[in-house]
Amino acid sequence: MQVLTDLIRSIPGLGDMSELAMHITISAIMATLMFIVMALCALIFTWMERKVAGFLQSRYGPMRTGRWHGWAQAVADMLKILGKEDIIPRDADRAMFVFAPILVLLGSLLAWAAIPWAPGFVAADLDLGLFYIFAVSSLAIIGILMAGWGSNNKWALYGAARGAAQMVSYEIPLALATIPVVMYTGSLNTQDIVIAQQGGMLNWFVLRDPFLFVAFWMYFIAGIAETNRGPFDMPETESELVAGYHTEYTGMRFAFFFLAEYANLFLIALIAVMVFLGGWWAPIPFMDFLPPALTFIIKGVLMVFLNMWIRWTLPRVRVDQLMHLCWKVMIPVTLICVVGSGIWMMVSGQAG
Amino acid sequence: MAIENIKTTNGWADQDHVPGIKSELLELNMGPQHPATHGVLRLVLHTDGEIVYKVTPVMGYLHRCAEKIAEGVNYKQWVVYTDRFDYLSPMTCNHAYVTALEKVMQQEVPERAEHIRIVVSELSRMASHLIALATFGLDMGAWTPLLYCFREREVILDLLERISGGRMLYNYMVPGGVRYDIPKDNWASDVIEFITMIENKKLDDYNNLLSYNKIFIGRLANVAVIDEKTAYDYGCTGPVLRGAGVNFDCRKDDPYSLYHKFDFDIPVGKGEMGTVGDCWDRYIVRVREIEQSCRIIRQALESLPEGPYSAIELKKIVKAPAGAAYSRVESSKGELGHYIISDGGQTAFRNKVRSPSFCNLQVIEKVGVGQMVSDLVALIGSLDIVLGEIDR
């Protein structure tokens with residue numbers, strides 16, 4: 001943040017800003033920046049999703065809008081969705097219906113604050129960073145429940161009930177899988193976690209010990225479930241629940257859910273990169289000439305690609321199989337990873 | 001997942017799970033606009049959470065009075081209405097009608113015409129089964145097999161377009177033969193090339209991508225089991241009956257056309273992944289039938305005789321002597337029968353259609369009880385119903 005502070009101070013007339021004013025200014029700038037990045041990534045990922053799906057299904061995907069490979073398709077879609085009529089069903093619980101998409105979006109937006117993009121470049125440098133991310137991202141669950149209940153639609157209610165059950169359950173393995181990393185680092189601060197992985201691929205937490213390797217994949221699977229994407233897209237399941245909790249939403253309110261989905265997708269990928277895959281550090285030290293933020297984003301996009309690849313390949317699991325997987329397989333395995341990693345740390349003398 | 005202790009729906013609803021709080025079943029309308037009902041089918045569900053306690057299919061949204069129309073238009077004009085029964089395999093529907101009609105008319109059909117009919121019927125069956133796989137995968141949440149199956153179906157549609165002029169609704173068979181001969185531009189060799197590709201490569205692709213996928217098997221094995229007795233009781237035919245382990249196929253057991261000349265097997269469900277008659281069995285029967293269709297087509301084309309392709313001049317209006325006849329064929333969905341009563345004129349006095357999807361659908365009322373909502377979707381998908389045929 002020092003860079004930003006110096007930049008603002010160098011503007012004539014702003015040099016003698018008070019600490020508080022400076023803090024507020026920087027927060028406002030970073031919040032705006034995060035929102036723009038989030039909206040942009042939603043745009044890019046909708047296009048990417050369609051291209052990846054097309055690639056896997058032996059077709060092209062969008063090819064016309066814009067010149068090169070339909071790059072403007074997502075922009076056109078967004079403009080179209082802005083112009084749609086905003087329908088609120090007559091029997092809906094108005095307050096809940098209106099507030100739900102905002103809450104869902106808020107949940108993922110808040111979590112973006114603690115993502116370390118580059119050394120020293122993080123919107124909120126919190127000591128409880130990782131804990132904060134998991135805490136605020138559960139806000140979305142309340143939003144989904146409100147959307148389902150407020151719509152006054154039985155399919156939406158089904159989707160909301162499934163979604164809440166799924167997301168509450170999968171937060172546990174998701175958070176548990178990161179505990180070994182926190183044990184290694186001795187800190188929940190997101191920057192500290194990345195800094196601890198300096199020095200090439202072998203220092204990344206995913207390759208530090210076998211338990212962490214398992215924990216990474218547990219995190220990855222739980223992450224897919226947490227973002228409600230295939231094969232765990234229970235809350236939406238277009239072939240069973242029509243469209244799940246957002247069945248009744250149109251126009252911009254629907255776009256909020258859409259935005260939140262892709263923001264969450266990238267967020268979960270970025271956390272995976274940050275915690276397990278070395279954050280902004282390049283895989284091989286001599287590749288350090290790349291800007292750290294770029295390395296970080298490229299890794300995130302690769303994780304997103306992996307997620308899309310899985311989504312467009314596998315059929316969906318059933319809702320009870322999903323819960324079975326979480327409570328009877330993933331939580332025990334992640335718990336074993338925590339204990340095993342602890343023992344590994346003691347034995348290899350890395351305890352810090 | 002069967003619920004043993006449920007006798008009646010009301011019996012469950014009246015129980016108090018929590019003292020003082022009365023619970024009741026949630027009535028849920030699945031359809032007529034619902035992505036998993038394969039058309040305008042409406043199911044009224046009574047559910048408790050994810051579990052379904054009562055399913056009532058409501059039909060009739062697509063009723064077009066086709067049987068009544070048969071009493072008003074002459075025999076040949078009604079062939080186009082059969083196209084619209086099972087619009088995914090119209091050739092077998094055509095075949096069913098003209099077979100029954102020829103029985104009433106006591107009309108002989110040239111051997112070449114019979115061969116062509118068998119080839120196009122089997123192509124149509126393959127197209128229909130491909131759609132069945134594709135949409136079943138989609139019901140289970142797998143998008144990609146849909147596109148793959150449609151890619152192959154497209155080739156079949158192109159082939160059928162070249163022979164009949166239509167891509168979807170062919171109106172190709174006429175009493176006494178077929179409307180056009182096989183095109184001269186290598187049609188037969190293109191068909192052979194296509195079925196070779198299906199046999200050698202594409203079926204393996206589907207099996208790798210979908211059939212033997214762990215998640216897919218987990219979703220389908222032991223789900224919505226239709227046992228032999230239930231299948232008999234409800235008059236199920238086609239892959240639903242064969243999935244239940246019964247070796248019955250009109251092509252073998254009541255041979256029509258020239259099917260007795262060809263060598264092919266009837267795949268039946270064996271309960272490889274779970275119980276005999278579960279969703280996976282019904283699914284895999286269709287995959288294996290595609291393979292058998294390929295065998296039939298190859299034999300029919302290789303032994304294709306020369307000669308006329310229609311016994312009756314095409315422009316002639318046909319008449320049938322007074323009488324009645326029932327004839328059944330194995331369509332892609334099951335036993336498709338036509339009962340035609342003639343009073344000696346140019347139009348049928350009565351034409352009753354026995355459509356397989358209609359009978360297959362009824363089983364949902366029994367088998368759907370005690371399933372989860374997701375399993376009900378699997379059940380509907382595995383029955384492979386076509387609403388155009390149910391409502392006629």
# chains A, B, ... in the order shown; residues from 1 in each chain; ligands from 1
>>> residues_around(residues="Leu101 in chain B", least_positions_apart="6", cutoff="9 Å", atoms="only C-alpha atoms", output="list in words")
Tyr75, Gln107, Pro175, Ala320, Ala325, Tyr326, Ser327, His338, Tyr339 and Ile340 of chain B
>>> write_last_selection(atoms="N, CA and C atoms", output="PDB file, in the first residue's frame")
ATOM      1  N   TYR B  75     -56.310 -43.395 -46.865  1.00  0.00           N
ATOM      2  CA  TYR B  75     -55.247 -44.187 -46.249  1.00  0.00           C
ATOM      3  C   TYR B  75     -53.866 -43.588 -46.445  1.00  0.00           C
ATOM      4  N   GLN B 107     -51.949 -56.789 -49.376  1.00  0.00           N
ATOM      5  CA  GLN B 107     -51.053 -56.290 -50.414  1.00  0.00           C
ATOM      6  C   GLN B 107     -49.659 -56.870 -50.223  1.00  0.00           C
ATOM      7  N   PRO B 175     -48.287 -47.482 -48.729  1.00  0.00           N
ATOM      8  CA  PRO B 175     -48.755 -48.860 -48.840  1.00  0.00           C
ATOM      9  C   PRO B 175     -48.254 -49.478 -50.137  1.00  0.00           C
ATOM     10  N   ALA B 320     -59.177 -50.369 -49.376  1.00  0.00           N
ATOM     11  CA  ALA B 320     -58.997 -51.639 -48.678  1.00  0.00           C
ATOM     12  C   ALA B 320     -60.338 -52.345 -48.613  1.00  0.00           C
ATOM     13  N   ALA B 325     -57.537 -55.546 -39.177  1.00  0.00           N
ATOM     14  CA  ALA B 325     -56.253 -56.196 -38.942  1.00  0.00           C
ATOM     15  C   ALA B 325     -55.487 -55.435 -37.889  1.00  0.00           C
ATOM     16  N   TYR B 326     -54.742 -56.189 -37.095  1.00  0.00           N
ATOM     17  CA  TYR B 326     -53.831 -55.567 -36.128  1.00  0.00           C
ATOM     18  C   TYR B 326     -52.425 -55.997 -36.484  1.00  0.00           C
ATOM     19  N   SER B 327     -51.551 -55.048 -36.498  1.00  0.00           N
ATOM     20  CA  SER B 327     -50.169 -55.384 -36.787  1.00  0.00           C
ATOM     21  C   SER B 327     -49.281 -54.567 -35.873  1.00  0.00           C
ATOM     22  N   HIS B 338     -50.984 -50.949 -34.776  1.00  0.00           N
ATOM     23  CA  HIS B 338     -52.105 -50.252 -35.404  1.00  0.00           C
ATOM     24  C   HIS B 338     -53.229 -51.260 -35.599  1.00  0.00           C
ATOM     25  N   TYR B 339     -54.423 -50.900 -35.204  1.00  0.00           N
ATOM     26  CA  TYR B 339     -55.578 -51.742 -35.455  1.00  0.00           C
ATOM     27  C   TYR B 339     -56.483 -50.984 -36.413  1.00  0.00           C
ATOM     28  N   ILE B 340     -56.588 -51.485 -37.631  1.00  0.00           N
ATOM     29  CA  ILE B 340     -57.329 -50.760 -38.660  1.00  0.00           C
ATOM     30  C   ILE B 340     -58.593 -51.537 -39.003  1.00  0.00           C
TER      31      ILE B 340
END
>>> interface_residues(of="chain A", to="chain B", cutoff="10 Å", atoms="only C-alpha atoms", output="ChimeraX atom specification")
/A:53-54,56-59,153-155,158,161-162,230-234,237-243,311-321
>>> write_last_selection(atoms="C-alpha atoms", output="PDB file, in the first residue's frame")
ATOM      1  CA  ALA A  53     -17.502 -25.769 -23.400  1.00  0.00           C
ATOM      2  CA  GLY A  54     -17.354 -25.394 -27.156  1.00  0.00           C
ATOM      3  CA  LEU A  56     -14.867 -29.843 -25.268  1.00  0.00           C
ATOM      4  CA  GLN A  57     -18.012 -30.398 -27.295  1.00  0.00           C
ATOM      5  CA  SER A  58     -16.410 -30.154 -30.731  1.00  0.00           C
ATOM      6  CA  ARG A  59     -18.000 -26.862 -31.645  1.00  0.00           C
ATOM      7  CA  ASN A 153     -41.723 -20.722  -5.709  1.00  0.00           C
ATOM      8  CA  LYS A 154     -41.427 -24.352  -4.717  1.00  0.00           C
ATOM      9  CA  TRP A 155     -38.565 -25.103  -7.095  1.00  0.00           C
ATOM     10  CA  TYR A 158     -35.879 -26.702  -3.139  1.00  0.00           C
ATOM     11  CA  ALA A 161     -32.618 -25.735   0.794  1.00  0.00           C
ATOM     12  CA  ARG A 162     -30.184 -27.856  -1.183  1.00  0.00           C
ATOM     13  CA  GLY A 230     -20.921 -29.168 -11.819  1.00  0.00           C
ATOM     14  CA  PRO A 231     -20.737 -31.994 -10.874  1.00  0.00           C
ATOM     15  CA  PHE A 232     -22.018 -30.497  -7.614  1.00  0.00           C
ATOM     16  CA  ASP A 233     -24.458 -27.901  -8.957  1.00  0.00           C
ATOM     17  CA  MET A 234     -27.245 -29.045  -6.667  1.00  0.00           C
ATOM     18  CA  THR A 237     -29.646 -28.547 -11.394  1.00  0.00           C
ATOM     19  CA  GLU A 238     -31.419 -27.266 -14.462  1.00  0.00           C
ATOM     20  CA  SER A 239     -32.795 -30.710 -15.293  1.00  0.00           C
ATOM     21  CA  GLU A 240     -34.353 -31.215 -11.864  1.00  0.00           C
ATOM     22  CA  LEU A 241     -35.158 -27.878 -10.279  1.00  0.00           C
ATOM     23  CA  VAL A 242     -35.700 -25.754 -13.400  1.00  0.00           C
ATOM     24  CA  ALA A 243     -33.162 -23.142 -12.298  1.00  0.00           C
ATOM     25  CA  ARG A 311     -17.916 -29.210 -15.172  1.00  0.00           C
ATOM     26  CA  TRP A 312     -18.349 -29.942 -18.862  1.00  0.00           C
ATOM     27  CA  THR A 313     -17.202 -33.536 -18.612  1.00  0.00           C
ATOM     28  CA  LEU A 314     -18.876 -35.153 -15.649  1.00  0.00           C
ATOM     29  CA  PRO A 315     -22.503 -35.920 -14.865  1.00  0.00           C
ATOM     30  CA  ARG A 316     -23.993 -34.533 -11.696  1.00  0.00           C
ATOM     31  CA  VAL A 317     -24.075 -36.418  -8.399  1.00  0.00           C
ATOM     32  CA  ARG A 318     -27.290 -36.845  -6.453  1.00  0.00           C
ATOM     33  CA  VAL A 319     -27.974 -34.666  -3.453  1.00  0.00           C
ATOM     34  CA  ASP A 320     -27.622 -37.438  -0.871  1.00  0.00           C
ATOM     35  CA  GLN A 321     -24.429 -38.703  -2.511  1.00  0.00           C
TER      36      GLN A 321
END
>>> residues_around(residues="range 50-52 of chain A", least_positions_apart="5", cutoff="7 Å", atoms="only C-alpha atoms", output="ChimeraX atom specification")
/A:60-62
>>> atom_distance(atom1="CA of Met173 in chain B", atom2="CA of Ala322 in chain B")
22.6 Å
>>> residues_around(residues="Leu290 in chain A", least_positions_apart="5", cutoff="10 Å", atoms="only C-alpha atoms", output="ChimeraX atom specification")
/A:280-282,295-296
>>> write_last_selection(atoms="N, CA and C atoms", output="PDB file, in the first residue's frame")
ATOM      1  N   TRP A 280       1.915 -15.404  -5.730  1.00  0.00           N
ATOM      2  CA  TRP A 280       2.497 -14.663  -6.856  1.00  0.00           C
ATOM      3  C   TRP A 280       3.880 -15.153  -7.241  1.00  0.00           C
ATOM      4  N   TRP A 281       4.430 -16.171  -6.580  1.00  0.00           N
ATOM      5  CA  TRP A 281       5.765 -16.658  -6.931  1.00  0.00           C
ATOM      6  C   TRP A 281       5.690 -17.515  -8.196  1.00  0.00           C
ATOM      7  N   ALA A 282       6.659 -17.318  -9.053  1.00  0.00           N
ATOM      8  CA  ALA A 282       6.704 -18.110 -10.281  1.00  0.00           C
ATOM      9  C   ALA A 282       7.141 -19.534  -9.958  1.00  0.00           C
ATOM     10  N   THR A 295       1.497 -13.363 -12.652  1.00  0.00           N
ATOM     11  CA  THR A 295       1.708 -14.781 -12.311  1.00  0.00           C
ATOM     12  C   THR A 295       0.523 -15.301 -11.506  1.00  0.00           C
ATOM     13  N   PHE A 296       0.129 -14.499 -10.534  1.00  0.00           N
ATOM     14  CA  PHE A 296      -0.974 -14.874  -9.652  1.00  0.00           C
ATOM     15  C   PHE A 296      -2.255 -15.106 -10.456  1.00  0.00           C
TER      16      PHE A 296
END
>>> closest_residue(among="B:Val120, B:Met59, B:Leu361, B:Val367", to="Asp227 in chain B", atoms="only C-alpha atoms")
B:Val367
>>> select_by_dssp(residues="range 81-252 of chain A", states="alpha helix (DSSP H)", output="PyMOL selection string")
chain A and resi 81-82+94-112+129-137+139-150+154-185+190-195+210-226+251-252
>>> residues_around(residues="Gly163 in chain A", least_positions_apart="4", cutoff="9 Å", atoms="only C-alpha atoms", output="ChimeraX atom specification")
/A:141,144-145,158-159,167-168,228,233-236,244-245
>>> residues_around(residues="Ala39 in chain A", least_positions_apart="5", cutoff="9 Å", atoms="only C-alpha atoms", output="PyMOL selection string")
chain A and resi 34+44+259+262-263
>>> write_last_selection(atoms="N, CA and C atoms", output="PDB file, in the first residue's frame")
ATOM      1  N   MET A  34     -11.355  -3.468  -6.815  1.00  0.00           N
ATOM      2  CA  MET A  34     -11.784  -4.861  -6.640  1.00  0.00           C
ATOM      3  C   MET A  34     -13.088  -5.117  -7.385  1.00  0.00           C
ATOM      4  N   ILE A  44     -15.118 -11.936 -18.513  1.00  0.00           N
ATOM      5  CA  ILE A  44     -14.156 -12.763 -19.233  1.00  0.00           C
ATOM      6  C   ILE A  44     -14.472 -14.237 -19.034  1.00  0.00           C
ATOM      7  N   LEU A 259     -23.025 -12.850 -11.656  1.00  0.00           N
ATOM      8  CA  LEU A 259     -21.764 -12.190 -11.330  1.00  0.00           C
ATOM      9  C   LEU A 259     -21.136 -12.863 -10.118  1.00  0.00           C
ATOM     10  N   TYR A 262     -19.463 -16.286 -10.892  1.00  0.00           N
ATOM     11  CA  TYR A 262     -18.143 -16.248 -11.514  1.00  0.00           C
ATOM     12  C   TYR A 262     -17.116 -15.596 -10.608  1.00  0.00           C
ATOM     13  N   ALA A 263     -17.571 -14.618  -9.813  1.00  0.00           N
ATOM     14  CA  ALA A 263     -16.644 -14.015  -8.854  1.00  0.00           C
ATOM     15  C   ALA A 263     -16.196 -15.059  -7.849  1.00  0.00           C
TER      16      ALA A 263
END
>>> atom_distance(atom1="CA of Asn203 in chain A", atom2="CA of Ser348 in chain A")
14.2 Å
>>> closest_residue(among="B:Arg242, B:His38, B:Lys54, B:Arg153", to="Leu25 in chain B", atoms="only C-alpha atoms")
B:Lys54
>>> select_by_dssp(residues="range 157-212 of chain B", states="strand (DSSP E or B)", output="list in words")
Met173, Val174, Gly177 and Val178 of chain B
>>> write_last_selection(atoms="N, CA and C atoms", output="compact mmCIF listing (two decimals), in the first residue's frame")
# COMPACT_ATOMS: atom_id res chain seq x y z
N MET B 173 -42.79 -43.97 -46.34
CA MET B 173 -43.34 -45.27 -46.74
C MET B 173 -44.77 -45.10 -47.21
N VAL B 174 -45.12 -45.84 -48.21
CA VAL B 174 -46.49 -45.82 -48.72
C VAL B 174 -46.97 -47.27 -48.77
N GLY B 177 -44.99 -50.21 -50.65
CA GLY B 177 -43.56 -50.00 -50.88
C GLY B 177 -43.07 -48.72 -50.23
N VAL B 178 -42.10 -48.10 -50.88
CA VAL B 178 -41.60 -46.83 -50.39
C VAL B 178 -41.73 -45.79 -51.49
>>> closest_residue(among="B:Arg162, B:Lys270, B:Lys229, B:Arg282", to="Ser211 in chain B", atoms="only C-alpha atoms")
B:Arg282
